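Okay, input35.cif now, which holds mmCIF, C-alpha atoms, pLDDT in the B column; chains and numbers go by the auth columns:
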data_work
loop_
_atom_site.group_PDB
_atom_site.id
_atom_site.type_symbol
_atom_site.label_atom_id
_atom_site.label_comp_id
_atom_site.label_asym_id
_atom_site.label_seq_id
_atom_site.Cartn_x
_atom_site.Cartn_y
_atom_site.Cartn_z
_atom_site.B_iso_or_equiv
_atom_site.auth_seq_id
_atom_site.auth_asym_id
ATOM 1 C CA GLN A 1 178.136 109.547 67.621 89.00 1 A
ATOM 2 C CA VAL A 2 175.599 110.399 70.278 92.00 2 A
ATOM 3 C CA GLN A 3 176.346 113.381 72.473 95.00 3 A
ATOM 4 C CA LEU A 4 174.389 114.904 75.337 96.00 4 A
ATOM 5 C CA VAL A 5 175.503 118.328 76.505 95.00 5 A
ATOM 6 C CA GLU A 6 174.031 119.741 79.709 95.00 6 A
ATOM 7 C CA SER A 7 174.044 123.389 80.704 95.00 7 A
ATOM 8 C CA GLY A 8 172.446 125.713 83.221 97.00 8 A
ATOM 9 C CA GLY A 9 173.837 124.491 86.517 96.00 9 A
ATOM 10 C CA GLY A 10 175.272 126.783 89.143 97.00 10 A
ATOM 11 C CA LEU A 11 174.897 128.247 92.600 98.00 11 A
ATOM 12 C CA VAL A 12 171.473 129.403 93.734 98.00 12 A
ATOM 13 C CA GLN A 13 169.988 130.427 97.066 98.00 13 A
ATOM 14 C CA PRO A 14 167.277 128.360 98.736 98.00 14 A
ATOM 15 C CA GLY A 15 163.917 129.208 97.235 98.00 15 A
ATOM 16 C CA GLY A 16 165.465 130.220 93.952 98.00 16 A
ATOM 17 C CA SER A 17 165.129 128.799 90.455 98.00 17 A
ATOM 18 C CA LEU A 18 167.347 127.337 87.763 98.00 18 A
ATOM 19 C CA ARG A 19 166.706 125.960 84.306 98.00 19 A
ATOM 20 C CA LEU A 20 168.800 123.096 83.001 98.00 20 A
ATOM 21 C CA SER A 21 169.109 122.244 79.324 98.00 21 A
ATOM 22 C CA CYS A 22 170.351 119.098 77.619 97.00 22 A
ATOM 23 C CA ALA A 23 171.026 119.198 73.909 96.00 23 A
ATOM 24 C CA ALA A 24 171.262 115.824 72.189 94.00 24 A
ATOM 25 C CA SER A 25 172.821 115.014 68.852 91.00 25 A
ATOM 26 C CA GLY A 26 173.718 111.995 66.788 89.00 26 A
ATOM 27 C CA GLY A 27 170.495 110.056 67.126 86.00 27 A
ATOM 28 C CA PHE A 28 166.752 109.894 67.627 86.00 28 A
ATOM 29 C CA PHE A 29 165.425 109.450 71.111 89.00 29 A
ATOM 30 C CA ASN A 30 162.358 108.190 72.851 91.00 30 A
ATOM 31 C CA ALA A 31 162.555 109.015 76.547 94.00 31 A
ATOM 32 C CA MET A 32 164.801 111.799 77.763 96.00 32 A
ATOM 33 C CA GLY A 33 165.248 112.776 81.348 97.00 33 A
ATOM 34 C CA TRP A 34 167.223 113.989 84.280 98.00 34 A
ATOM 35 C CA TYR A 35 168.824 112.112 87.149 98.00 35 A
ATOM 36 C CA ARG A 36 170.857 113.476 90.016 98.00 36 A
ATOM 37 C CA GLN A 37 173.538 112.224 92.328 98.00 37 A
ATOM 38 C CA ALA A 38 174.461 113.846 95.603 96.00 38 A
ATOM 39 C CA PRO A 39 177.800 113.095 97.315 91.00 39 A
ATOM 40 C CA GLY A 40 177.756 109.642 98.844 93.00 40 A
ATOM 41 C CA LYS A 41 174.343 108.790 97.417 96.00 41 A
ATOM 42 C CA GLU A 42 173.008 106.803 94.500 97.00 42 A
ATOM 43 C CA ARG A 43 171.891 108.359 91.249 97.00 43 A
ATOM 44 C CA ASP A 44 168.138 108.944 91.412 97.00 44 A
ATOM 45 C CA LEU A 45 165.427 109.820 88.949 98.00 45 A
ATOM 46 C CA VAL A 46 164.436 113.465 88.851 98.00 46 A
ATOM 47 C CA ALA A 47 162.132 113.542 85.846 98.00 47 A
ATOM 48 C CA VAL A 48 161.633 111.844 82.494 98.00 48 A
ATOM 49 C CA ILE A 49 159.618 112.735 79.415 97.00 49 A
ATOM 50 C CA THR A 50 158.737 110.606 76.407 94.00 50 A
ATOM 51 C CA SER A 51 158.682 111.759 72.804 90.00 51 A
ATOM 52 C CA GLY A 52 154.911 111.935 73.127 91.00 52 A
ATOM 53 C CA GLY A 53 155.110 114.238 76.121 93.00 53 A
ATOM 54 C CA SER A 54 154.262 111.857 78.963 96.00 54 A
ATOM 55 C CA THR A 55 156.129 112.735 82.140 98.00 55 A
ATOM 56 C CA ASN A 56 157.170 111.105 85.372 98.00 56 A
ATOM 57 C CA TYR A 57 158.793 112.758 88.398 98.00 57 A
ATOM 58 C CA GLY A 58 160.663 111.675 91.450 97.00 58 A
ATOM 59 C CA ASP A 59 158.597 112.139 94.593 97.00 59 A
ATOM 60 C CA SER A 60 160.932 114.741 96.085 96.00 60 A
ATOM 61 C CA VAL A 61 160.572 117.157 93.162 98.00 61 A
ATOM 62 C CA LYS A 62 156.881 116.839 92.315 97.00 62 A
ATOM 63 C CA GLY A 63 155.218 120.243 92.223 97.00 63 A
ATOM 64 C CA ARG A 64 158.541 122.100 92.102 98.00 64 A
ATOM 65 C CA PHE A 65 160.276 120.865 88.958 98.00 65 A
ATOM 66 C CA THR A 66 158.930 120.742 85.416 98.00 66 A
ATOM 67 C CA ILE A 67 160.427 118.788 82.541 98.00 67 A
ATOM 68 C CA SER A 68 159.816 119.679 78.913 97.00 68 A
ATOM 69 C CA ARG A 69 161.360 118.928 75.563 95.00 69 A
ATOM 70 C CA ASP A 70 161.685 120.397 72.097 93.00 70 A
ATOM 71 C CA ASN A 71 161.713 117.448 69.728 89.00 71 A
ATOM 72 C CA ALA A 72 162.808 119.565 66.779 90.00 72 A
ATOM 73 C CA LYS A 73 165.887 120.696 68.713 91.00 73 A
ATOM 74 C CA LEU A 74 166.445 117.326 70.454 92.00 74 A
ATOM 75 C CA THR A 75 166.627 119.290 73.690 95.00 75 A
ATOM 76 C CA VAL A 76 165.158 118.557 77.092 97.00 76 A
ATOM 77 C CA TYR A 77 164.731 121.167 79.801 98.00 77 A
ATOM 78 C CA LEU A 78 164.308 121.018 83.547 98.00 78 A
ATOM 79 C CA GLN A 79 162.769 124.041 85.226 98.00 79 A
ATOM 80 C CA MET A 80 163.583 123.898 88.914 98.00 80 A
ATOM 81 C CA ASN A 81 161.695 126.164 91.292 98.00 81 A
ATOM 82 C CA SER A 82 161.605 126.477 95.076 98.00 82 A
ATOM 83 C CA LEU A 83 165.038 124.912 95.287 98.00 83 A
ATOM 84 C CA LYS A 84 166.158 123.414 98.572 98.00 84 A
ATOM 85 C CA PRO A 85 169.639 122.625 99.904 97.00 85 A
ATOM 86 C CA GLU A 86 168.818 118.941 99.505 97.00 86 A
ATOM 87 C CA ASP A 87 168.492 119.492 95.756 98.00 87 A
ATOM 88 C CA THR A 88 172.257 120.015 95.647 98.00 88 A
ATOM 89 C CA ALA A 89 173.704 117.372 93.342 98.00 89 A
ATOM 90 C CA VAL A 90 175.257 116.704 89.986 98.00 90 A
ATOM 91 C CA TYR A 91 172.406 116.548 87.480 98.00 91 A
ATOM 92 C CA TYR A 92 172.787 114.141 84.583 98.00 92 A
ATOM 93 C CA CYS A 93 170.870 114.036 81.346 98.00 93 A
ATOM 94 C CA LYS A 94 169.863 110.618 80.037 97.00 94 A
ATOM 95 C CA ALA A 95 168.439 109.710 76.652 96.00 95 A
ATOM 96 C CA ILE A 96 167.085 106.415 75.354 95.00 96 A
ATOM 97 C CA SER A 97 167.497 105.939 71.626 91.00 97 A
ATOM 98 C CA ILE A 98 164.808 104.433 69.415 89.00 98 A
ATOM 99 C CA LEU A 99 166.957 101.282 69.410 90.00 99 A
ATOM 100 C CA GLY A 100 166.818 101.125 73.200 91.00 100 A
ATOM 101 C CA SER A 101 170.363 102.206 73.984 94.00 101 A
ATOM 102 C CA ALA A 102 170.924 104.530 76.948 96.00 102 A
ATOM 103 C CA TYR A 103 173.231 107.531 76.816 96.00 103 A
ATOM 104 C CA TRP A 104 174.375 109.851 79.585 97.00 104 A
ATOM 105 C CA GLY A 105 175.704 113.371 79.647 97.00 105 A
ATOM 106 C CA LYS A 106 178.705 114.373 81.751 97.00 106 A
ATOM 107 C CA GLY A 107 176.585 116.191 84.317 97.00 107 A
ATOM 108 C CA THR A 108 176.145 119.716 85.584 97.00 108 A
ATOM 109 C CA LEU A 109 176.499 120.749 89.209 98.00 109 A
ATOM 110 C CA VAL A 110 173.631 122.430 91.014 98.00 110 A
ATOM 111 C CA THR A 111 174.406 123.899 94.415 98.00 111 A
ATOM 112 C CA VAL A 112 171.646 125.313 96.592 98.00 112 A
ATOM 113 C CA SER A 113 173.118 127.308 99.424 97.00 113 A
ATOM 114 C CA SER A 114 172.869 130.657 101.124 95.00 114 A
#

Would you put the structure from the file into structure tokens?
Amino acid sequence: QVQLVESGGGLVQPGGSLRLSCAASGGFFNAMGWYRQAPGKERDLVAVITSGGSTNYGDSVKGRFTISRDNAKLTVYLQMNSLKPEDTAVYYCKAISILGSAYWGKGTLVTVSS
């Protein structure tokens, strides 16, 4: 059974940093990434990374966020710097298995506020 467990969310002041982690189990995955959903908005891409290390970022986070992964640990990380109030959202981990199935974590809340 595939499981994705996110951690690292919380409250941070504008300009601060947070690091999210997503530990996967129960499968082998190609792309892994992060999406976010703010209240009343659609779920949007934050960043994605392939097993080979290729990355893609949403326009609003380019230059501030960095995605990385440890294939041995089946874990993907999201380093978030220079956080803004508009980054406030529930952040979801997503993984695509080698068979093409998509799996989602339950989400972790990031709140950027003074």

Find the residues near A:Gly16: any atom within 10 Å, counting only C-alpha atoms, skip ones fewer than 2 places away on the same chain, and give them as a compact mmCIF listing (two decimals) with C-alpha atoms, in the coordinates of the input.
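Result written to out32.txt:
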# COMPACT_ATOMS: atom_id res chain seq x y z
CA LEU A 11 174.90 128.25 92.60
CA VAL A 12 171.47 129.40 93.73
CA GLN A 13 169.99 130.43 97.07
CA PRO A 14 167.28 128.36 98.74
CA LEU A 18 167.35 127.34 87.76
CA MET A 80 163.58 123.90 88.91
CA ASN A 81 161.70 126.16 91.29
CA SER A 82 161.60 126.48 95.08
CA LEU A 83 165.04 124.91 95.29
CA LYS A 84 166.16 123.41 98.57
CA VAL A 112 171.65 125.31 96.59
CA SER A 113 173.12 127.31 99.42

Separation of atom CA of A:Ser51 from atom CA of A:Gln37, in Å and rounded to one decimal: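 Pair atom CA of A:Ser51 / atom CA of A:Gln37 returns 24.5 Å.
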
Atom CA of A:Ala72 to atom CA of A:Leu109, straight-line distance in Å: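 Spanning atom CA of A:Leu109 to atom CA of A:Ala72 is a straight-line distance of 26.3 Å.
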
Using all atoms listed in the file: which of A:Ile67, A:Val61, A:Ile49, A:Leu78 has the shortest distance to A:Tyr91: A:Leu78

Explicit residues for the PyMOL selection byres ((chain A and resi 55) around 10) (as a list in words):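 What the PyMOL selection byres ((chain A and resi 55) around 10) grabs from the file is Ala31, Met32, Gly33, Ala47, Val48, Ile49, Thr50, Ser51, Gly52, Gly53, Ser54, Asn56, Tyr57, Thr66, Ile67 and Ser68 of chain A.
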
A:Arg19, A:Gly9, A:Gln3, A:Val46 ranked by distance to A:Val110, top pick (using only C-alpha atoms):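 Smallest separation from A:Val110 among the options: A:Gly9.
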
Surrounding residues of A:Ser97 excluding itself and chain neighbours under 6 positions, 12 Å, all atoms listed in the file, as a VMD selection string: chain A and resid 1 to 4 24 to 32 50 to 51 74 103 to 104

Gap from atom CA of A:Thr111 to atom CA of A:Lys73 - Å, one decimal: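 For atom CA of A:Thr111 relative to atom CA of A:Lys73, the distance reads 27.3 Å.
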
Resolved residues for the PyMOL selection byres ((chain A and resi 6) around 6) as a list in words: Val5, Ser7, Ser21 and Cys22 of chain A

Starting from the displayed file, determine the output of the PyMOL selection byres ((chain A and resi 60) around 10) and express the residue list as a compact mmCIF listing (two decimals) with C-alpha atoms, in the coordinates of the input.
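Listing of expr-v3.txt after writing:
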# COMPACT_ATOMS: atom_id res chain seq x y z
CA LEU A 45 165.43 109.82 88.95
CA VAL A 46 164.44 113.46 88.85
CA TYR A 57 158.79 112.76 88.40
CA GLY A 58 160.66 111.68 91.45
CA ASP A 59 158.60 112.14 94.59
CA VAL A 61 160.57 117.16 93.16
CA LYS A 62 156.88 116.84 92.32
CA GLY A 63 155.22 120.24 92.22
CA ARG A 64 158.54 122.10 92.10
CA PHE A 65 160.28 120.86 88.96
CA GLU A 86 168.82 118.94 99.50
CA ASP A 87 168.49 119.49 95.76

Please write a file for stretch 67-80 of chain A, taken from the block I just shared, that holds N, CA and C atoms and is laid out as a CSV table (one decimal), in the first residue's frame.
chain,number,residue,atom,x,y,z
A,67,ILE,N,13.4,22.2,-4.8
A,67,ILE,CA,12.9,20.8,-4.6
A,67,ILE,C,14.1,19.9,-4.8
A,68,SER,N,14.2,18.8,-4.0
A,68,SER,CA,15.2,17.8,-4.1
A,68,SER,C,14.6,16.5,-3.6
A,69,ARG,N,15.4,15.4,-3.9
A,69,ARG,CA,14.9,14.1,-3.5
A,69,ARG,C,16.0,13.2,-3.1
A,70,ASP,N,15.7,12.3,-2.3
A,70,ASP,CA,16.7,11.2,-1.9
A,70,ASP,C,16.1,9.9,-2.4
A,71,ASN,N,16.5,9.4,-3.5
A,71,ASN,CA,15.9,8.2,-4.0
A,71,ASN,C,16.0,7.0,-3.1
A,72,ALA,N,17.1,6.9,-2.4
A,72,ALA,CA,17.3,5.8,-1.5
A,72,ALA,C,16.3,5.8,-0.4
A,73,LYS,N,15.9,7.0,0.0
A,73,LYS,CA,15.0,7.1,1.1
A,73,LYS,C,13.5,7.3,0.6
A,74,LEU,N,13.4,7.4,-0.7
A,74,LEU,CA,12.0,7.7,-1.3
A,74,LEU,C,11.4,8.9,-0.7
A,75,THR,N,12.2,9.9,-0.5
A,75,THR,CA,11.8,11.2,0.2
A,75,THR,C,12.1,12.4,-0.7
A,76,VAL,N,11.1,13.3,-0.8
A,76,VAL,CA,11.3,14.5,-1.5
A,76,VAL,C,11.2,15.7,-0.5
A,77,TYR,N,12.0,16.7,-0.8
A,77,TYR,CA,12.0,17.8,0.1
A,77,TYR,C,11.7,19.1,-0.7
A,78,LEU,N,11.2,20.1,0.0
A,78,LEU,CA,10.9,21.4,-0.5
A,78,LEU,C,11.5,22.4,0.4
A,79,GLN,N,12.6,23.1,0.0
A,79,GLN,CA,13.1,24.1,0.8
A,79,GLN,C,12.5,25.4,0.3
A,80,MET,N,11.8,26.1,1.3
A,80,MET,CA,11.1,27.3,0.9
A,80,MET,C,11.8,28.5,1.6
